[in-house]
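Asks: This is the structure I have questions about; it appears just below.
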Amino acid sequence: VALLYAAETQGAAVLFEFLHRQDPSIEIRVWPDCGQDSEIEFVVVSGEAPTDLRRFVNLRGMQSTWAGVNALLNSRDLPPDVPLARMVADEMSNWMAEYVVYHVLDIIRGGSDLRSSQAECIWQQRTHLASKPAIGILGLGELGQDIARKLLGLNFDVSGWVRTKRQFEGISIYSGPGELPEFLGRNSIVVCLLPLTEHTRGILNAELFARMPRGSSIIHVGRGPQLMEGDLIKALDTGQLSRAVVDVFAQEPLPEHHPFWSHPKITVTPHVAAISRAGMGAALILENYHRAIAGRELLHQVDRTSGY
Ligand code: NAP
């Protein structure tokens with residue numbers, strides 16, 4: 001039995017040390033030194049598989065070091081019947097929540113105007129908003145829930161949009177396409193934390209922006225192809241939206257001449273909201289390795305039908 005590590009290698013020694021300390025019997029191989037293909041029973045991968053994983057005929061489980069598995073699922077190199085788990089880690093949730101809370105606060109305190117004023121040596125005071133804006137989170141999964149809890153702790157009115165209706169204390173929940181318009185109508189900051197699936201591709205479009213109160217803002221940290229980039233520029237230029245913070249793009253790295261770079265109402269960040277780090281989620285990787293070898297369901301196993 002061998003575990004093949006075929007994910008990001010910078011800093012991976014921390015993970016190998018952890019696995020070795022916890023279970024010295026695990027034999028770790030690092031891509032591309034696989035040894036005998038038939039000996040590989042568990043594989044750790046990142047965004048895309050570096051090889052056709054169907055060659056490992058005895059594979060029993062796959063662990064992604066990324067939370068979003070859309071690229072992996074779209075690859076034909078993935079054995080269809082081998083369970084795949086996605087990354088869920090406190091560290092990742094903390095980074096994502098920090099990013100979102102930081103940008104929410106920057107939007108409501110007018111950070112962009114303050115920076116422009118300073119650049120021109122203008123002493124321009126701003127009054128505070130009379131009430132805190134309502135914040136809506138598209139996708140209230142592992143990451144969205146943590147953000148919601150932190151925003152609730154700052155006394156924001158928080159709501160979430162999910163696929164399957166359920167209850168969360170202190171959060172108004174909306175579900176399915178039928179309840180999306182009501183959700184959008186009540187929020188003046190919308191955060192996108194949806195996985196990329198056939199239902200969420202292109203979801204941030206002119207129609208969605210038009211349903212938000214005039215002058216609203218969006219923070220997009222899901223996946224690039226969810227955003228219709230031209231629609232966003234139009235919504236900002238007409239004043240339907242007032243600000244956008246965008247971390248993920250249809251093409252990454254964002255091309256040098258892309259209009260987002262210089263748009264005065266857009267904050268661009270280079271897909272850094274919650275970057276995966278080798279060694280992150282080591283306990284989950286170990287647990288899922290044991291589960292896979294024992295033929296048990298993996299933790300945070302991806303539902304191949306729903307695509308997340
Ligand atoms: P998750 O736990 O799987 O949660 C996904 C949420 O989206 C769930 O609440 C799910 O609803 C909802 N959802 C999915 N499809 C939907 C649909 N068609 N309509 C309404 N709601 C839908 O995922 P996560 O760990 O929170 O991660 C979310 C995404 O964040 C990842 O897939 C990845 O793309 C992105 N991400 C970005 C970065 C970055 O650095 N920018 C880092 C990490 C992750 P249910 O609860 O009803 O299932």
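Residue names in the structure tokens use chain letters A, B, ... in the order shown, residue numbers from 1 in each chain, and ligand numbers from 1 in the order shown.
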Please return as a PyMOL selection string the residues found within 6 Å of ligand 1, counting only C-alpha atoms and all ligand atoms.
Replies: chain A and resi 67-68+139-144+161-164+176+193-196+199-200+221-223+247-248+271-275+308
Asks: Using C-alpha atoms, can you export the residues from the last selection as a JSON list (two decimals), in the first residue's frame?
Replies:
```json
[["chain", "number", "residue", "atom", "x", "y", "z"],
["A", 67, "ALA", "CA", -11.58, 23.18, -1.39],
["A", 68, "GLY", "CA", -12.88, 23.62, -4.95],
["A", 139, "GLY", "CA", -23.14, 29.37, -0.67],
["A", 140, "LEU", "CA", -23.27, 28.71, 3.05],
["A", 141, "GLY", "CA", -20.97, 25.70, 3.17],
["A", 142, "GLU", "CA", -17.82, 25.17, 5.23],
["A", 143, "LEU", "CA", -16.33, 28.56, 4.31],
["A", 144, "GLY", "CA", -19.56, 30.55, 4.10],
["A", 161, "TRP", "CA", -28.43, 31.20, -0.10],
["A", 162, "VAL", "CA", -28.07, 27.42, -0.37],
["A", 163, "ARG", "CA", -29.37, 24.53, -2.45],
["A", 164, "THR", "CA", -31.06, 22.58, 0.32],
["A", 176, "GLY", "CA", -33.01, 27.38, -4.70],
["A", 193, "LEU", "CA", -18.72, 31.43, -2.14],
["A", 194, "LEU", "CA", -20.40, 28.94, -4.42],
["A", 195, "PRO", "CA", -18.59, 25.96, -5.90],
["A", 196, "LEU", "CA", -18.34, 26.03, -9.71],
["A", 199, "HIS", "CA", -25.79, 25.56, -12.06],
["A", 200, "THR", "CA", -23.46, 28.29, -10.82],
["A", 221, "VAL", "CA", -14.26, 34.60, -3.97],
["A", 222, "GLY", "CA", -15.91, 31.53, -5.58],
["A", 223, "ARG", "CA", -14.55, 30.65, -9.03],
["A", 247, "ASP", "CA", -10.33, 37.40, -6.23],
["A", 248, "VAL", "CA", -11.04, 34.81, -8.95],
["A", 271, "HIS", "CA", -6.68, 34.44, -6.04],
["A", 272, "VAL", "CA", -5.30, 34.78, -2.52],
["A", 273, "ALA", "CA", -8.44, 34.80, -0.36],
["A", 274, "ALA", "CA", -7.59, 31.36, 1.05],
["A", 275, "ILE", "CA", -4.66, 29.72, -0.71],
["A", 308, "TYR", "CA", -19.15, 19.64, -5.07]]
```
Asks: What does the distance from atom CA of A:Asp33 to atom CA of A:Thr65 come to in Å, to one decimal?
Replies: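 So the answer is 19.4 Å.
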Asks: Using only C-alpha atoms, which residues sit within 7 Å of A:Gly47 once same-chain residues fewer than 5 positions away are excluded, as a list of chain:residue names?
Replies: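 Near neighbours after the sequence-gap exclusion: A:Trp66, A:Val69, A:Ala71, A:Leu72.
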Asks: Based on the backbone DSSP call, show me all residues of stretch 48-214 of chain A assigned helix (DSSP H, G or I), as an MDAnalysis selection string.
Replies: chainID A and resid 53:55 70:74 90:108 111:119 142:153 176:186 206:211
Asks: Can you work out which one of A:Ala119, A:Ala6, A:Ile203, A:Ala13 has the shortest atom-to-atom distance to A:Thr51, counting only C-alpha atoms?
Replies: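 Once distances to A:Thr51 are computed over only C-alpha atoms, the minimum belongs to A:Ala6.
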Asks: Do you know which residues are at most 9 Å from stretch 100-116 of chain A counting only C-alpha atoms, after dropping those on the same chain fewer than 2 positions away, and could you put them as a ChimeraX atom specification?
Replies: /A:95-98,118-122,124-126,128-129,132-133,135,147,150-151,189,191,217,219,221,243,245,264-265,267,273
Asks: Excluding A:Asp52 and any residue of its chain fewer than 6 positions from it, enumerate the residues within 10 Å of it, using only C-alpha atoms, and give them as a VMD selection string.
Replies: chain A and resid 75 to 79
Asks: With all heavy atoms retained, export the selected residues as a tab-separated table (two decimals), in the first residue's frame.
Replies:
```
chain	number	residue	atom	x	y	z
A	75	SER	N	-11.78	16.78	-15.29
A	75	SER	CA	-10.71	16.08	-15.97
A	75	SER	C	-11.13	14.64	-16.27
A	75	SER	O	-11.72	13.97	-15.42
A	75	SER	CB	-9.47	16.13	-15.08
A	75	SER	OG	-8.75	14.95	-15.19
A	76	ARG	N	-10.78	14.21	-17.47
A	76	ARG	CA	-11.13	12.83	-17.84
A	76	ARG	C	-10.16	11.84	-17.24
A	76	ARG	O	-10.31	10.64	-17.36
A	76	ARG	CB	-11.19	12.70	-19.37
A	76	ARG	CG	-12.60	12.89	-19.89
A	76	ARG	CD	-12.66	12.81	-21.38
A	76	ARG	NE	-11.99	13.97	-21.98
A	76	ARG	CZ	-11.32	13.93	-23.11
A	76	ARG	NH1	-11.22	12.83	-23.78
A	76	ARG	NH2	-10.74	15.02	-23.60
A	77	ASP	N	-9.14	12.38	-16.53
A	77	ASP	CA	-8.09	11.52	-15.98
A	77	ASP	C	-8.45	10.97	-14.61
A	77	ASP	O	-7.60	10.40	-13.92
A	77	ASP	CB	-6.79	12.32	-15.84
A	77	ASP	CG	-6.30	12.83	-17.18
A	77	ASP	OD1	-6.79	12.32	-18.20
A	77	ASP	OD2	-5.45	13.72	-17.19
A	78	LEU	N	-9.70	11.19	-14.19
A	78	LEU	CA	-10.08	10.80	-12.84
A	78	LEU	C	-10.88	9.50	-12.88
A	78	LEU	O	-11.88	9.42	-13.61
A	78	LEU	CB	-10.97	11.92	-12.29
A	78	LEU	CG	-10.88	12.27	-10.82
A	78	LEU	CD1	-9.47	12.66	-10.45
A	78	LEU	CD2	-11.85	13.40	-10.52
A	79	PRO	N	-10.48	8.46	-12.11
A	79	PRO	CA	-11.28	7.24	-12.14
A	79	PRO	C	-12.69	7.54	-11.61
A	79	PRO	O	-12.81	8.16	-10.55
A	79	PRO	CB	-10.52	6.28	-11.21
A	79	PRO	CG	-9.47	7.09	-10.54
A	79	PRO	CD	-9.33	8.40	-11.23
```
Asks: Closest to A:Ser64 among A:Val246, A:Leu204, A:Ala282, A:Leu180, using only C-alpha atoms?
Replies: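 Using only C-alpha atoms, A:Ser64 sits closest to A:Ala282.
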Asks: Between A:Met228, A:Ala294, A:Leu184, A:Ala235, single out the one closest to A:Gly215, counting only C-alpha atoms.
Replies: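 Smallest separation from A:Gly215 among the options: A:Ala235.
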Asks: Run DSSP on the backbone and tell me which residues of stretch 21-222 of chain A come out as strand (DSSP E); list them as a PyMOL selection string.
Replies: chain A and resi 27-30+40-45+61-64+84-85+135-138+158-162+172-175+189-192+216-220
Asks: Considering only C-alpha atoms, can you say which of A:Leu53, A:Leu254, A:Ala206, A:Ile40 comes closest to A:Gly224?
Replies: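 Once distances to A:Gly224 are computed over only C-alpha atoms, the minimum belongs to A:Leu254.
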Asks: If we count only C-alpha atoms, what is near A:His290 at a cut-off of 12 Å, once residues fewer than 2 positions away on the same chain are taken out, given as a PyMOL selection string?
Replies: chain A and resi 1-3+19+22-23+25-26+41-42+60-63+283-288+292-299
